>>> print(open('my_file_16.pdb').read())   # PDB, C-alpha atoms
ATOM      1  CA  MET F 976     138.665  38.076 186.025  1.00  0.00           C
ATOM      2  CA  ASN F 977     142.269  38.234 184.789  1.00  0.00           C
ATOM      3  CA  VAL F 978     145.482  37.125 186.465  1.00  0.00           C
ATOM      4  CA  LYS F 979     146.257  40.612 187.792  1.00  0.00           C
ATOM      5  CA  ASP F 980     142.901  40.753 189.565  1.00  0.00           C
ATOM      6  CA  VAL F 981     143.658  37.394 191.140  1.00  0.00           C
ATOM      7  CA  GLN F 982     147.111  38.623 192.241  1.00  0.00           C
ATOM      8  CA  PHE F 983     145.481  41.556 193.997  1.00  0.00           C
ATOM      9  CA  ARG F 984     142.925  39.328 195.702  1.00  0.00           C
ATOM     10  CA  VAL F 985     145.482  36.743 196.842  1.00  0.00           C
ATOM     11  CA  SER F 986     147.597  39.543 198.323  1.00  0.00           C
ATOM     12  CA  GLU F 987     144.544  40.669 200.265  1.00  0.00           C
ATOM     13  CA  ALA F 988     143.744  37.127 201.364  1.00  0.00           C
ATOM     14  CA  THR F 989     147.282  36.394 202.567  1.00  0.00           C
ATOM     15  CA  ASN F 990     147.568  39.672 204.472  1.00  0.00           C
ATOM     16  CA  SER F 991     144.098  39.730 206.037  1.00  0.00           C
ATOM     17  CA  ARG F 992     141.819  37.230 207.693  1.00  0.00           C
ATOM     18  CA  TYR F 993     138.842  37.435 205.414  1.00  0.00           C
ATOM     19  CA  CYS F 994     138.007  37.067 201.743  1.00  0.00           C
ATOM     20  CA  ALA F 995     134.306  37.709 201.126  1.00  0.00           C
ATOM     21  CA  HIS F 996     134.266  36.020 197.747  1.00  0.00           C
ATOM     22  CA  CYS F 997     134.419  32.525 199.176  1.00  0.00           C
ATOM     23  CA  ARG F 998     133.683  32.614 202.902  1.00  0.00           C
ATOM     24  CA  TYR F 999     137.378  32.229 203.765  1.00  0.00           C
ATOM     25  CA  GLU F1000     138.340  33.198 207.291  1.00  0.00           C
ATOM     26  CA  ALA F1001     141.563  31.561 208.326  1.00  0.00           C
ATOM     27  CA  GLY F1002     141.511  29.708 211.610  1.00  0.00           C
ATOM     28  CA  THR F1003     137.793  30.066 212.298  1.00  0.00           C
ATOM     29  CA  GLY F1004     136.194  27.135 210.511  1.00  0.00           C
ATOM     30  CA  ASN F1005     134.645  29.269 207.772  1.00  0.00           C
ATOM     31  CA  ASP F1006     136.851  28.812 204.727  1.00  0.00           C
ATOM     32  CA  THR F1007     135.838  26.771 201.701  1.00  0.00           C
ATOM     33  CA  GLY F1008     136.485  23.705 203.835  1.00  0.00           C
ATOM     34  CA  MET F1009     137.249  24.524 207.456  1.00  0.00           C
ATOM     35  CA  GLY F1010     140.237  26.543 208.670  1.00  0.00           C
ATOM     36  CA  ILE F1011     141.215  25.552 212.202  1.00  0.00           C
ATOM     37  CA  PRO F1012     143.690  26.771 214.824  1.00  0.00           C
ATOM     38  CA  LYS F1013     146.979  24.880 214.815  1.00  0.00           C
ATOM     39  CA  THR F1014     146.292  23.669 218.356  1.00  0.00           C
ATOM     40  CA  GLN F1015     143.359  21.657 216.971  1.00  0.00           C
ATOM     41  CA  SER F1016     145.231  20.374 213.941  1.00  0.00           C
ATOM     42  CA  ARG F1017     145.194  16.696 214.882  1.00  0.00           C
ATOM     43  CA  ALA F1018     141.580  16.540 215.943  1.00  0.00           C
ATOM     44  CA  GLU F1019     139.196  14.477 213.841  1.00  0.00           C
ATOM     45  CA  ARG F1020     135.819  16.097 213.528  1.00  0.00           C
ATOM     46  CA  GLU F1021     132.771  16.047 211.295  1.00  0.00           C
ATOM     47  CA  PRO F1022     133.145  18.727 208.587  1.00  0.00           C
ATOM     48  CA  GLU F1023     130.737  21.646 208.571  1.00  0.00           C
ATOM     49  CA  GLU F1024     128.412  22.189 205.659  1.00  0.00           C
ATOM     50  CA  GLY F1025     129.908  24.593 203.137  1.00  0.00           C
ATOM     51  CA  HIS F1026     130.295  25.355 199.475  1.00  0.00           C
ATOM     52  CA  GLN F1027     133.458  23.286 199.085  1.00  0.00           C
ATOM     53  CA  ARG F1028     133.999  20.265 201.285  1.00  0.00           C
ATOM     54  CA  LEU F1029     137.533  19.133 202.058  1.00  0.00           C
ATOM     55  CA  PRO F1030     138.379  15.922 200.195  1.00  0.00           C
ATOM     56  CA  TRP F1031     140.212  14.363 203.129  1.00  0.00           C
ATOM     57  CA  ALA F1032     137.378  15.297 205.484  1.00  0.00           C
ATOM     58  CA  ALA F1033     135.018  13.484 203.108  1.00  0.00           C
ATOM     59  CA  LEU F1034     137.371  10.491 203.342  1.00  0.00           C
ATOM     60  CA  GLY F1035     137.367  10.641 207.149  1.00  0.00           C
ATOM     61  CA  LEU F1036     141.034  11.599 207.504  1.00  0.00           C
ATOM     62  CA  PRO F1037     142.446  13.833 210.259  1.00  0.00           C
ATOM     63  CA  VAL F1038     142.829  17.479 209.267  1.00  0.00           C
ATOM     64  CA  SER F1039     145.708  19.880 209.913  1.00  0.00           C
ATOM     65  CA  GLU F1040     146.430  23.587 209.552  1.00  0.00           C
ATOM     66  CA  ALA F1041     147.360  22.847 205.915  1.00  0.00           C
ATOM     67  CA  ILE F1042     143.637  23.028 205.140  1.00  0.00           C
ATOM     68  CA  ASP F1043     143.936  26.824 205.074  1.00  0.00           C
ATOM     69  CA  MET F1044     146.276  26.610 202.096  1.00  0.00           C
ATOM     70  CA  TRP F1045     143.866  24.251 200.318  1.00  0.00           C
ATOM     71  CA  GLY F1046     141.091  26.763 201.012  1.00  0.00           C
ATOM     72  CA  LEU F1047     143.192  29.568 199.543  1.00  0.00           C
ATOM     73  CA  GLY F1048     143.812  27.485 196.423  1.00  0.00           C
ATOM     74  CA  CYS F1049     140.077  26.944 196.004  1.00  0.00           C
ATOM     75  CA  VAL F1050     139.535  30.695 196.447  1.00  0.00           C
ATOM     76  CA  LEU F1051     141.972  31.562 193.658  1.00  0.00           C
ATOM     77  CA  LEU F1052     140.622  28.937 191.304  1.00  0.00           C
ATOM     78  CA  PHE F1053     137.060  30.117 191.979  1.00  0.00           C
ATOM     79  CA  LEU F1054     138.012  33.729 191.248  1.00  0.00           C
ATOM     80  CA  TYR F1055     139.767  32.840 188.007  1.00  0.00           C
ATOM     81  CA  LEU F1056     137.075  30.493 186.677  1.00  0.00           C
ATOM     82  CA  ALA F1057     134.142  32.514 188.075  1.00  0.00           C
ATOM     83  CA  LYS F1058     132.616  29.221 189.198  1.00  0.00           C
ATOM     84  CA  HIS F1059     133.274  26.501 191.731  1.00  0.00           C
ATOM     85  CA  PRO F1060     136.183  24.340 190.557  1.00  0.00           C
ATOM     86  CA  PHE F1061     134.616  21.146 191.905  1.00  0.00           C
ATOM     87  CA  SER F1062     131.039  19.951 192.330  1.00  0.00           C
ATOM     88  CA  VAL F1063     129.302  21.441 195.370  1.00  0.00           C
ATOM     89  CA  ASN F1064     126.121  19.350 195.269  1.00  0.00           C
ATOM     90  CA  CYS F1065     127.441  15.805 195.006  1.00  0.00           C
ATOM     91  CA  GLU F1066     130.303  14.426 197.094  1.00  0.00           C
ATOM     92  CA  TYR F1067     131.029  11.701 194.523  1.00  0.00           C
ATOM     93  CA  GLN F1068     131.405  14.177 191.670  1.00  0.00           C
ATOM     94  CA  GLU F1069     133.502  16.454 193.882  1.00  0.00           C
ATOM     95  CA  MET F1070     135.914  13.580 194.544  1.00  0.00           C
ATOM     96  CA  ARG F1071     135.802  12.601 190.864  1.00  0.00           C
ATOM     97  CA  ASN F1072     136.668  16.186 189.835  1.00  0.00           C
ATOM     98  CA  ILE F1073     139.575  16.292 192.277  1.00  0.00           C
ATOM     99  CA  VAL F1074     140.957  12.968 191.062  1.00  0.00           C
ATOM    100  CA  ASP F1075     140.602  13.970 187.400  1.00  0.00           C
ATOM    101  CA  MET F1076     142.139  17.425 187.846  1.00  0.00           C
ATOM    102  CA  LEU F1077     144.716  16.925 190.602  1.00  0.00           C
ATOM    103  CA  GLY F1078     145.352  13.199 190.618  1.00  0.00           C
ATOM    104  CA  GLN F1079     144.232  10.452 192.980  1.00  0.00           C
ATOM    105  CA  PRO F1080     145.334  10.817 196.613  1.00  0.00           C
ATOM    106  CA  ALA F1081     148.145   8.464 197.573  1.00  0.00           C
ATOM    107  CA  ASP F1082     147.178   4.965 198.693  1.00  0.00           C
ATOM    108  CA  HIS F1083     148.513   5.529 202.220  1.00  0.00           C
ATOM    109  CA  LEU F1084     146.027   8.387 202.627  1.00  0.00           C
ATOM    110  CA  LEU F1085     143.135   6.446 201.126  1.00  0.00           C
ATOM    111  CA  LYS F1086     143.810   3.392 203.280  1.00  0.00           C
ATOM    112  CA  ALA F1087     143.710   5.547 206.410  1.00  0.00           C
ATOM    113  CA  GLY F1088     140.347   7.108 205.531  1.00  0.00           C
ATOM    114  CA  ILE F1089     137.251   5.946 207.390  1.00  0.00           C
ATOM    115  CA  TYR F1090     134.956   6.740 204.473  1.00  0.00           C
ATOM    116  CA  THR F1091     137.286   5.768 201.619  1.00  0.00           C
ATOM    117  CA  PRO F1092     135.033   2.786 200.670  1.00  0.00           C
ATOM    118  CA  HIS F1093     132.334   5.315 199.701  1.00  0.00           C
ATOM    119  CA  PHE F1094     134.476   6.462 196.778  1.00  0.00           C
ATOM    120  CA  PHE F1095     137.213   3.900 196.123  1.00  0.00           C
ATOM    121  CA  THR F1096     137.461   0.155 195.730  1.00  0.00           C
ATOM    122  CA  GLU F1097     140.474  -2.140 195.870  1.00  0.00           C
ATOM    123  CA  ASP F1098     141.372  -3.974 192.690  1.00  0.00           C
ATOM    124  CA  GLU F1099     142.919  -7.308 193.665  1.00  0.00           C
ATOM    125  CA  HIS F1100     143.299  -8.649 190.120  1.00  0.00           C
ATOM    126  CA  TRP F1101     146.544  -6.820 189.342  1.00  0.00           C
ATOM    127  CA  CYS F1102     150.031  -7.909 190.366  1.00  0.00           C
ATOM    128  CA  GLU F1103     150.133  -4.916 192.707  1.00  0.00           C
ATOM    129  CA  PRO F1104     146.621  -4.331 194.102  1.00  0.00           C
ATOM    130  CA  GLY F1105     145.621  -0.691 194.354  1.00  0.00           C
ATOM    131  CA  LEU F1106     142.660   1.534 195.081  1.00  0.00           C
ATOM    132  CA  TRP F1107     140.556   2.820 192.215  1.00  0.00           C
ATOM    133  CA  MET F1108     137.751   5.368 191.988  1.00  0.00           C
ATOM    134  CA  LYS F1109     134.336   3.734 191.965  1.00  0.00           C
ATOM    135  CA  THR F1110     131.994   4.170 189.043  1.00  0.00           C
ATOM    136  CA  PRO F1111     128.761   6.131 189.619  1.00  0.00           C
ATOM    137  CA  SER F1112     126.815   2.858 189.759  1.00  0.00           C
ATOM    138  CA  GLU F1113     129.219   1.350 192.320  1.00  0.00           C
ATOM    139  CA  TYR F1114     128.933   4.517 194.411  1.00  0.00           C
ATOM    140  CA  LYS F1115     125.142   4.286 194.301  1.00  0.00           C
ATOM    141  CA  SER F1116     125.208   0.594 195.282  1.00  0.00           C
ATOM    142  CA  TRP F1117     127.389   1.397 198.301  1.00  0.00           C
ATOM    143  CA  THR F1118     125.757   4.623 199.511  1.00  0.00           C
ATOM    144  CA  GLY F1119     122.276   4.561 197.979  1.00  0.00           C
ATOM    145  CA  ASN F1120     122.910   8.048 196.550  1.00  0.00           C
ATOM    146  CA  GLU F1121     122.739   8.975 192.894  1.00  0.00           C
ATOM    147  CA  ALA F1122     125.850  10.654 191.471  1.00  0.00           C
ATOM    148  CA  GLU F1123     124.948  13.981 189.865  1.00  0.00           C
ATOM    149  CA  GLU F1124     126.389  15.285 186.620  1.00  0.00           C
ATOM    150  CA  TRP F1125     129.041  18.012 186.748  1.00  0.00           C
ATOM    151  CA  THR F1126     131.258  19.513 184.084  1.00  0.00           C
ATOM    152  CA  SER F1127     134.427  21.546 184.533  1.00  0.00           C
ATOM    153  CA  ASP F1128     136.008  24.111 182.220  1.00  0.00           C
ATOM    154  CA  ILE F1129     139.439  22.566 182.727  1.00  0.00           C
ATOM    155  CA  ARG F1130     140.896  19.049 182.878  1.00  0.00           C
ATOM    156  CA  SER F1131     144.123  20.043 184.616  1.00  0.00           C
ATOM    157  CA  LEU F1132     145.623  23.140 186.206  1.00  0.00           C
ATOM    158  CA  ASP F1133     147.854  23.565 183.167  1.00  0.00           C
ATOM    159  CA  ASP F1134     144.700  24.290 181.156  1.00  0.00           C
ATOM    160  CA  LEU F1135     144.474  27.620 183.008  1.00  0.00           C
ATOM    161  CA  ILE F1136     147.411  28.886 180.961  1.00  0.00           C
ATOM    162  CA  THR F1137     145.440  28.856 177.709  1.00  0.00           C
ATOM    163  CA  LEU F1138     141.860  29.003 178.997  1.00  0.00           C
ATOM    164  CA  TYR F1139     141.472  32.698 178.136  1.00  0.00           C
ATOM    165  CA  PRO F1140     143.102  34.781 175.366  1.00  0.00           C
ATOM    166  CA  VAL F1141     146.579  36.049 176.283  1.00  0.00           C
ATOM    167  CA  LEU F1142     146.508  39.849 176.088  1.00  0.00           C
ATOM    168  CA  ASN F1143     150.031  40.832 177.169  1.00  0.00           C
ATOM    169  CA  GLY F1144     152.214  38.614 175.031  1.00  0.00           C
ATOM    170  CA  SER F1145     154.987  36.603 176.670  1.00  0.00           C
ATOM    171  CA  SER F1146     154.692  38.412 180.023  1.00  0.00           C
ATOM    172  CA  GLY F1147     151.023  37.447 180.290  1.00  0.00           C
ATOM    173  CA  LEU F1148     151.899  33.861 179.471  1.00  0.00           C
ATOM    174  CA  GLN F1149     154.637  33.806 182.119  1.00  0.00           C
ATOM    175  CA  ASP F1150     152.182  35.206 184.640  1.00  0.00           C
ATOM    176  CA  ARG F1151     149.689  32.427 183.930  1.00  0.00           C
ATOM    177  CA  ARG F1152     152.373  29.780 184.236  1.00  0.00           C
ATOM    178  CA  ALA F1153     153.337  31.205 187.624  1.00  0.00           C
ATOM    179  CA  PHE F1154     149.678  31.199 188.648  1.00  0.00           C
ATOM    180  CA  ALA F1155     149.260  27.544 187.631  1.00  0.00           C
ATOM    181  CA  SER F1156     152.442  26.699 189.535  1.00  0.00           C
ATOM    182  CA  LEU F1157     151.122  28.363 192.694  1.00  0.00           C
ATOM    183  CA  LEU F1158     147.835  26.466 192.467  1.00  0.00           C
ATOM    184  CA  LYS F1159     149.657  23.170 192.025  1.00  0.00           C
ATOM    185  CA  GLY F1160     151.403  23.828 195.334  1.00  0.00           C
ATOM    186  CA  LEU F1161     148.252  24.947 197.158  1.00  0.00           C
ATOM    187  CA  LEU F1162     146.062  22.123 195.869  1.00  0.00           C
ATOM    188  CA  GLN F1163     148.336  19.199 196.650  1.00  0.00           C
ATOM    189  CA  THR F1164     146.093  16.363 197.850  1.00  0.00           C
ATOM    190  CA  ASP F1165     148.775  15.269 200.350  1.00  0.00           C
ATOM    191  CA  PRO F1166     148.831  17.847 203.191  1.00  0.00           C
ATOM    192  CA  LYS F1167     152.526  17.140 203.879  1.00  0.00           C
ATOM    193  CA  ARG F1168     153.433  18.119 200.321  1.00  0.00           C
ATOM    194  CA  ARG F1169     151.205  21.183 200.191  1.00  0.00           C
ATOM    195  CA  LEU F1170     152.789  24.625 199.870  1.00  0.00           C
ATOM    196  CA  PRO F1171     153.204  26.143 203.381  1.00  0.00           C
ATOM    197  CA  PRO F1172     152.385  29.837 204.015  1.00  0.00           C
ATOM    198  CA  GLU F1173     156.001  31.032 204.294  1.00  0.00           C
ATOM    199  CA  ARG F1174     156.915  29.523 200.918  1.00  0.00           C
ATOM    200  CA  GLY F1175     153.648  30.681 199.394  1.00  0.00           C
ATOM    201  CA  LEU F1176     154.434  34.317 200.193  1.00  0.00           C
ATOM    202  CA  SER F1177     157.738  34.052 198.328  1.00  0.00           C
ATOM    203  CA  HIS F1178     156.238  32.320 195.290  1.00  0.00           C
ATOM    204  CA  PRO F1179     156.987  34.041 191.941  1.00  0.00           C
ATOM    205  CA  PHE F1180     153.289  34.683 191.336  1.00  0.00           C
ATOM    206  CA  LEU F1181     153.252  37.010 194.352  1.00  0.00           C
ATOM    207  CA  THR F1182     156.770  38.442 194.096  1.00  0.00           C
ATOM    208  CA  MET F1183     156.348  38.841 190.306  1.00  0.00           C
ATOM    209  CA  VAL F1184     160.071  38.288 189.869  1.00  0.00           C
ATOM    210  CA  HIS F1185     159.372  36.635 186.511  1.00  0.00           C
ATOM    211  CA  LEU F1186     158.041  39.962 185.187  1.00  0.00           C
ATOM    212  CA  MET F1187     160.955  42.182 186.246  1.00  0.00           C
ATOM    213  CA  ASP F1188     162.621  42.053 182.823  1.00  0.00           C
ATOM    214  CA  ASN F1189     159.484  43.578 181.297  1.00  0.00           C
ATOM    215  CA  MET F1190     159.260  46.455 183.750  1.00  0.00           C
ATOM    216  CA  GLU F1191     161.023  49.814 183.516  1.00  0.00           C
ATOM    217  CA  SER F1192     161.287  49.920 187.303  1.00  0.00           C
ATOM    218  CA  PRO F1193     160.468  47.357 190.002  1.00  0.00           C
ATOM    219  CA  TYR F1194     158.827  50.144 192.051  1.00  0.00           C
TER     220      TYR F1194
END
>>> encode(input="my_file_16.pdb", output="structure tokens")
Amino acid sequence: MNVKDVQFRVSEATNSRYCAHCRYEAGTGNDTGMGIPKTQSRAEREPEEGHQRLPWAALGLPVSEAIDMWGLGCVLLFLYLAKHPFSVNCEYQEMRNIVDMLGQPADHLLKAGIYTPHFFTEDEHWCEPGLWMKTPSEYKSWTGNEAEEWTSDIRSLDDLITLYPVLNGSSGLQDRRAFASLLKGLLQTDPKRRLPPERGLSHPFLTMVHLMDNMESPY
């Protein structure tokens, strides 16, 4: 699937309540994690089983309406890669993929998580102690579960720019950069820094303002 196909699908997803490709139904608990009404945004609850578990739900953190934007980011990445962006069978590898691709969640989030010790350990040997991702063997010692292998096609969201051949010259390259920029906003691990819906709708990837110079008419 190319970037234009993804633009069409994200327009559908942002203007309707359902995207069949990834079980995303905003506000009903059926997105790739769990969309919830804003009135329930501060409630802590056990996440439902699904293809893509929310990282902060796995850590035991409270969820907010910002989960819908995370779900949308997972949808777009799934459509572009034609595969799940993170492991769906092993919670350790899912967290490992997220840390490797998007960066480790901030310490203040990790320290507030009930289940953070499943995935992270505190290193007290440095001048400034911090939390570090456990190794597969440390995870197994703590949980009794074996970490499964998982490989990803990309190491960072910037890899999306050159993952496939560029067919439309500089305009195609600009489009991919805009797409990567949108995903960076949607897949922020800190919910307070995540791209909100109103800003998402005005993002260059959707408005296509970066392509206007290459068009004969904007209509």
>>> residues_around(input="my_file_16.pdb", residues="Leu1106 (chain F)", least_positions_apart="2", cutoff="10 Å", atoms="only C-alpha atoms", output="PyMOL selection string")
chain F and resi 1079-1082+1085-1086+1091-1092+1094-1099+1104+1108-1109
>>> atom_distance(input="my_file_16.pdb", atom1="CA of Tyr1090 (chain F)", atom2="CA of Glu1066 (chain F)")
11.6 Å
>>> resolve_selection(input="my_file_16.pdb", expression="the PyMOL selection byres ((chain F and resi 1183) around 10)", output="MDAnalysis selection string")
chainID F and resid 982 1149:1150 1153 1177:1182 1184:1187 1193
>>> write_last_selection(input="my_file_16.pdb", atoms="C-alpha atoms", output="PDB file, in the coordinates of the input")
ATOM      1  CA  GLN F 982     147.111  38.623 192.241  1.00  0.00           C
ATOM      2  CA  GLN F1149     154.637  33.806 182.119  1.00  0.00           C
ATOM      3  CA  ASP F1150     152.182  35.206 184.640  1.00  0.00           C
ATOM      4  CA  ALA F1153     153.337  31.205 187.624  1.00  0.00           C
ATOM      5  CA  SER F1177     157.738  34.052 198.328  1.00  0.00           C
ATOM      6  CA  HIS F1178     156.238  32.320 195.290  1.00  0.00           C
ATOM      7  CA  PRO F1179     156.987  34.041 191.941  1.00  0.00           C
ATOM      8  CA  PHE F1180     153.289  34.683 191.336  1.00  0.00           C
ATOM      9  CA  LEU F1181     153.252  37.010 194.352  1.00  0.00           C
ATOM     10  CA  THR F1182     156.770  38.442 194.096  1.00  0.00           C
ATOM     11  CA  VAL F1184     160.071  38.288 189.869  1.00  0.00           C
ATOM     12  CA  HIS F1185     159.372  36.635 186.511  1.00  0.00           C
ATOM     13  CA  LEU F1186     158.041  39.962 185.187  1.00  0.00           C
ATOM     14  CA  MET F1187     160.955  42.182 186.246  1.00  0.00           C
ATOM     15  CA  PRO F1193     160.468  47.357 190.002  1.00  0.00           C
TER      16      PRO F1193
END
>>> resolve_selection(input="my_file_16.pdb", expression="the PyMOL selection byres ((chain F and resi 1121-1133) around 7)", output="JSON, numbers by chain")
{"F": [1060, 1062, 1065, 1067, 1068, 1075, 1076, 1077, 1111, 1115, 1119, 1120, 1134, 1135, 1136, 1155]}
>>> atom_distance(input="my_file_16.pdb", atom1="CA of Leu1138 (chain F)", atom2="CA of Ala1057 (chain F)")
12.4 Å
>>> resolve_selection(input="my_file_16.pdb", expression="the PyMOL selection byres ((chain F and resi 1044) around 9)", output="ChimeraX atom specification")
/F:1010,1040-1043,1045-1049,1160-1162,1169-1172,1175
>>> decode(input="my_file_16.pdb", residues="region 1122-1149 of chain F", atoms="N, CA and C atoms", output="PDB file, in the first residue's frame")
ATOM      1  N   ALA F1122      10.258 -14.862  26.553  1.00  0.00           N
ATOM      2  CA  ALA F1122      10.112 -13.805  25.553  1.00  0.00           C
ATOM      3  C   ALA F1122      10.252 -14.405  24.162  1.00  0.00           C
ATOM      4  N   GLU F1123       9.275 -14.133  23.298  1.00  0.00           N
ATOM      5  CA  GLU F1123       9.297 -14.679  21.944  1.00  0.00           C
ATOM      6  C   GLU F1123      10.067 -13.761  20.998  1.00  0.00           C
ATOM      7  N   GLU F1124      10.573 -14.338  19.931  1.00  0.00           N
ATOM      8  CA  GLU F1124      11.304 -13.570  18.936  1.00  0.00           C
ATOM      9  C   GLU F1124      10.332 -12.765  18.068  1.00  0.00           C
ATOM     10  N   TRP F1125      10.768 -11.590  17.652  1.00  0.00           N
ATOM     11  CA  TRP F1125       9.956 -10.750  16.763  1.00  0.00           C
ATOM     12  C   TRP F1125      10.886  -9.822  16.009  1.00  0.00           C
ATOM     13  N   THR F1126      10.684  -9.699  14.726  1.00  0.00           N
ATOM     14  CA  THR F1126      11.493  -8.787  13.926  1.00  0.00           C
ATOM     15  C   THR F1126      10.598  -7.746  13.266  1.00  0.00           C
ATOM     16  N   SER F1127      11.110  -6.553  13.120  1.00  0.00           N
ATOM     17  CA  SER F1127      10.372  -5.460  12.492  1.00  0.00           C
ATOM     18  C   SER F1127      11.094  -5.017  11.227  1.00  0.00           C
ATOM     19  N   ASP F1128      10.327  -4.490  10.275  1.00  0.00           N
ATOM     20  CA  ASP F1128      10.912  -4.014   9.021  1.00  0.00           C
ATOM     21  C   ASP F1128      11.607  -2.665   9.187  1.00  0.00           C
ATOM     22  N   ILE F1129      11.317  -1.978  10.284  1.00  0.00           N
ATOM     23  CA  ILE F1129      11.897  -0.654  10.491  1.00  0.00           C
ATOM     24  C   ILE F1129      12.456  -0.535  11.906  1.00  0.00           C
ATOM     25  N   ARG F1130      13.466   0.309  12.062  1.00  0.00           N
ATOM     26  CA  ARG F1130      14.059   0.578  13.377  1.00  0.00           C
ATOM     27  C   ARG F1130      13.542   1.876  13.969  1.00  0.00           C
ATOM     28  N   SER F1131      13.102   2.784  13.098  1.00  0.00           N
ATOM     29  CA  SER F1131      12.536   4.053  13.542  1.00  0.00           C
ATOM     30  C   SER F1131      11.507   4.494  12.521  1.00  0.00           C
ATOM     31  N   LEU F1132      10.676   5.459  12.890  1.00  0.00           N
ATOM     32  CA  LEU F1132       9.650   5.937  11.966  1.00  0.00           C
ATOM     33  C   LEU F1132      10.266   6.643  10.759  1.00  0.00           C
ATOM     34  N   ASP F1133      11.452   7.176  10.911  1.00  0.00           N
ATOM     35  CA  ASP F1133      12.121   7.798   9.770  1.00  0.00           C
ATOM     36  C   ASP F1133      12.458   6.775   8.683  1.00  0.00           C
ATOM     37  N   ASP F1134      12.569   5.512   9.055  1.00  0.00           N
ATOM     38  CA  ASP F1134      12.854   4.473   8.059  1.00  0.00           C
ATOM     39  C   ASP F1134      11.723   4.314   7.050  1.00  0.00           C
ATOM     40  N   LEU F1135      10.520   4.795   7.403  1.00  0.00           N
ATOM     41  CA  LEU F1135       9.383   4.696   6.487  1.00  0.00           C
ATOM     42  C   LEU F1135       9.619   5.506   5.220  1.00  0.00           C
ATOM     43  N   ILE F1136      10.440   6.543   5.324  1.00  0.00           N
ATOM     44  CA  ILE F1136      10.667   7.433   4.191  1.00  0.00           C
ATOM     45  C   ILE F1136      11.344   6.706   3.036  1.00  0.00           C
ATOM     46  N   THR F1137      12.228   5.777   3.364  1.00  0.00           N
ATOM     47  CA  THR F1137      12.996   5.077   2.324  1.00  0.00           C
ATOM     48  C   THR F1137      12.713   3.577   2.291  1.00  0.00           C
ATOM     49  N   LEU F1138      11.677   3.140   2.993  1.00  0.00           N
ATOM     50  CA  LEU F1138      11.390   1.702   3.047  1.00  0.00           C
ATOM     51  C   LEU F1138      11.033   1.135   1.682  1.00  0.00           C
ATOM     52  N   TYR F1139      10.239   1.886   0.908  1.00  0.00           N
ATOM     53  CA  TYR F1139       9.836   1.452  -0.426  1.00  0.00           C
ATOM     54  C   TYR F1139      10.413   2.410  -1.469  1.00  0.00           C
ATOM     55  N   PRO F1140      10.531   1.960  -2.724  1.00  0.00           N
ATOM     56  CA  PRO F1140      11.032   2.859  -3.782  1.00  0.00           C
ATOM     57  C   PRO F1140      10.147   4.097  -3.917  1.00  0.00           C
ATOM     58  N   VAL F1141      10.764   5.240  -4.131  1.00  0.00           N
ATOM     59  CA  VAL F1141      10.034   6.498  -4.330  1.00  0.00           C
ATOM     60  C   VAL F1141       9.684   6.622  -5.806  1.00  0.00           C
ATOM     61  N   LEU F1142       8.387   6.686  -6.113  1.00  0.00           N
ATOM     62  CA  LEU F1142       7.932   6.652  -7.500  1.00  0.00           C
ATOM     63  C   LEU F1142       7.657   8.035  -8.081  1.00  0.00           C
ATOM     64  N   ASN F1143       7.404   9.027  -7.222  1.00  0.00           N
ATOM     65  CA  ASN F1143       6.979  10.338  -7.722  1.00  0.00           C
ATOM     66  C   ASN F1143       7.993  11.441  -7.442  1.00  0.00           C
ATOM     67  N   GLY F1144       9.259  11.093  -7.436  1.00  0.00           N
ATOM     68  CA  GLY F1144      10.291  12.090  -7.257  1.00  0.00           C
ATOM     69  C   GLY F1144      10.222  12.811  -5.929  1.00  0.00           C
ATOM     70  N   SER F1145      10.500  14.116  -5.959  1.00  0.00           N
ATOM     71  CA  SER F1145      10.561  14.907  -4.725  1.00  0.00           C
ATOM     72  C   SER F1145       9.214  15.015  -4.032  1.00  0.00           C
ATOM     73  N   SER F1146       8.108  15.047  -4.802  1.00  0.00           N
ATOM     74  CA  SER F1146       6.787  15.149  -4.180  1.00  0.00           C
ATOM     75  C   SER F1146       6.468  13.895  -3.376  1.00  0.00           C
ATOM     76  N   GLY F1147       6.853  12.730  -3.901  1.00  0.00           N
ATOM     77  CA  GLY F1147       6.638  11.486  -3.167  1.00  0.00           C
ATOM     78  C   GLY F1147       7.459  11.445  -1.903  1.00  0.00           C
ATOM     79  N   LEU F1148       8.660  11.975  -1.965  1.00  0.00           N
ATOM     80  CA  LEU F1148       9.530  12.017  -0.790  1.00  0.00           C
ATOM     81  C   LEU F1148       8.965  12.957   0.263  1.00  0.00           C
ATOM     82  N   GLN F1149       8.460  14.114  -0.162  1.00  0.00           N
ATOM     83  CA  GLN F1149       7.838  15.053   0.770  1.00  0.00           C
ATOM     84  C   GLN F1149       6.618  14.428   1.440  1.00  0.00           C
TER      85      GLN F1149
END
